Structures are given as structure tokens and as C-alpha cells.
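Worksheet for the structure shown next.
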Amino acid sequence: MRLFCVWCFKFFLRSNKVMQVALGRSDSDEIRKGLHKVSKLLCGDAGLCVTNISKEEAQRLPLNTRL
């Protein structure tokens, strides 16, 4: 298993409305194709984790552990 540093990830923890505006609320104002769909899913206590590793690698990481 490869070791990952904390620098491989970016975490965005802002109010949902701010993140929705940043991602785009509709397909006409989104910054990348399809991101307005993500903004519709933000509710309650939500945050975004952005990384450049593959989906499969990210799912194998123990992100639920406390440091």
C-alpha cells in the first residue's frame, strides 16, 4: 500500500450556500461540467474533499480514523 501525505487532499468546510455558489447552482453557472449536481447534494453538516488520486485509492484510505 502506498503512503499518502496530507498534502494530497484539500478539504473545504464552508457554509453550504457558499459552496453551492462556488460550484454552481445550475448548469449555466457551474465551473466544470456536472458540478452543479454536487451542489444540490450539500445539506446539513457537509464538506468537500478534493484529491488527485483515483476513486478506488480514495475508498481504500482509512479516513474515518482519528489522529
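Each chain in the C-alpha cells gets a letter, A, B, ..., in the order shown, and its residues are numbered from 1; ligands are numbered from 1 in order too.
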
Residues near segment 48-61 of chain A, anyone? I mean within 8 Å using only C-alpha atoms, not counting same-chain ones fewer than 3 positions away, as a short mmCIF file (atom, residue, chain, number, x, y, z; two decimals) with N, CA, C and O atoms, in the first residue's frame.
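The result, written out as result.cif:
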data_model
loop_
_atom_site.label_atom_id
_atom_site.label_comp_id
_atom_site.auth_asym_id
_atom_site.auth_seq_id
_atom_site.Cartn_x
_atom_site.Cartn_y
_atom_site.Cartn_z
N CYS A 8 -1.99 15.64 -0.26
CA CYS A 8 -2.68 15.09 -1.42
C CYS A 8 -4.16 15.46 -1.42
O CYS A 8 -4.85 15.20 -2.39
N PHE A 9 -4.64 16.05 -0.36
CA PHE A 9 -6.06 16.34 -0.21
C PHE A 9 -6.29 17.81 0.07
O PHE A 9 -5.46 18.47 0.68
N LYS A 10 -7.42 18.30 -0.37
CA LYS A 10 -7.88 19.62 0.01
C LYS A 10 -9.28 19.46 0.58
O LYS A 10 -10.12 18.81 -0.03
N PHE A 11 -9.48 19.99 1.76
CA PHE A 11 -10.78 19.91 2.42
C PHE A 11 -11.41 21.29 2.42
O PHE A 11 -10.77 22.28 2.75
N PHE A 12 -12.67 21.35 2.01
CA PHE A 12 -13.41 22.60 2.01
C PHE A 12 -14.56 22.48 3.00
O PHE A 12 -15.46 21.67 2.82
N LEU A 13 -14.49 23.26 4.05
CA LEU A 13 -15.53 23.27 5.08
C LEU A 13 -16.06 24.70 5.18
O LEU A 13 -15.48 25.54 5.85
#

Requested in this report: as an MDAnalysis selection string, list the residues of chain A assigned to strand (DSSP E) by DSSP on the backbone atoms of this structure.
Outcome: chainID A and resid 9:12 48:51

Once you have the residues from the selection above, write them out as a compact mmCIF listing (two decimals), in the first residue's frame, restricted to C-alpha atoms.
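Heads up, here's the output in result.txt:
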# COMPACT_ATOMS: atom_id res chain seq x y z
CA PHE A 9 -6.06 16.34 -0.21
CA LYS A 10 -7.88 19.62 0.01
CA PHE A 11 -10.78 19.91 2.42
CA PHE A 12 -13.41 22.60 2.01
CA LEU A 48 -15.84 18.51 0.27
CA CYS A 49 -12.63 16.52 0.00
CA VAL A 50 -10.80 17.07 -3.29
CA THR A 51 -7.89 14.88 -4.32

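Every residue of segment 1-65 of chain A with a DSSP assignment of alpha helix (DSSP H), taken from the backbone, is listed as Asn16, Lys17, Val18, Met19, Gln20, Val21, Ala22, Leu23, Leu35, His36, Lys37, Val38, Ser39, Lys55, Glu56, Glu57, Ala58, Gln59 and Arg60 of chain A.
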
Query - Polymer residues at most 8 Å from segment 30-45 of chain A, only C-alpha atoms, same-chain spacing of 6 or more positions, as number ranges by chain - result: A: 16, 19-20, 22-24

Grab the residues selected above and save them as a compact mmCIF listing (two decimals), in the first residue's frame with N, CA, C and O atoms.
# COMPACT_ATOMS: atom_id res chain seq x y z
N ASN A 16 -22.96 25.70 3.41
CA ASN A 16 -23.45 25.03 2.20
C ASN A 16 -23.78 26.02 1.09
O ASN A 16 -23.51 25.76 -0.08
N MET A 19 -20.56 27.10 -0.66
CA MET A 19 -20.04 26.04 -1.53
C MET A 19 -20.93 25.85 -2.75
O MET A 19 -20.43 25.59 -3.85
N GLN A 20 -22.26 25.99 -2.60
CA GLN A 20 -23.16 25.84 -3.74
C GLN A 20 -22.91 26.94 -4.77
O GLN A 20 -22.88 26.67 -5.96
N ALA A 22 -20.08 28.55 -5.17
CA ALA A 22 -18.75 28.31 -5.74
C ALA A 22 -18.78 27.21 -6.80
O ALA A 22 -18.11 27.31 -7.83
N LEU A 23 -19.56 26.15 -6.56
CA LEU A 23 -19.64 25.04 -7.52
C LEU A 23 -20.58 25.35 -8.67
O LEU A 23 -20.40 24.84 -9.77
N GLY A 24 -21.57 26.15 -8.41
CA GLY A 24 -22.59 26.46 -9.40
C GLY A 24 -23.90 25.80 -9.01
O GLY A 24 -23.93 24.62 -8.67
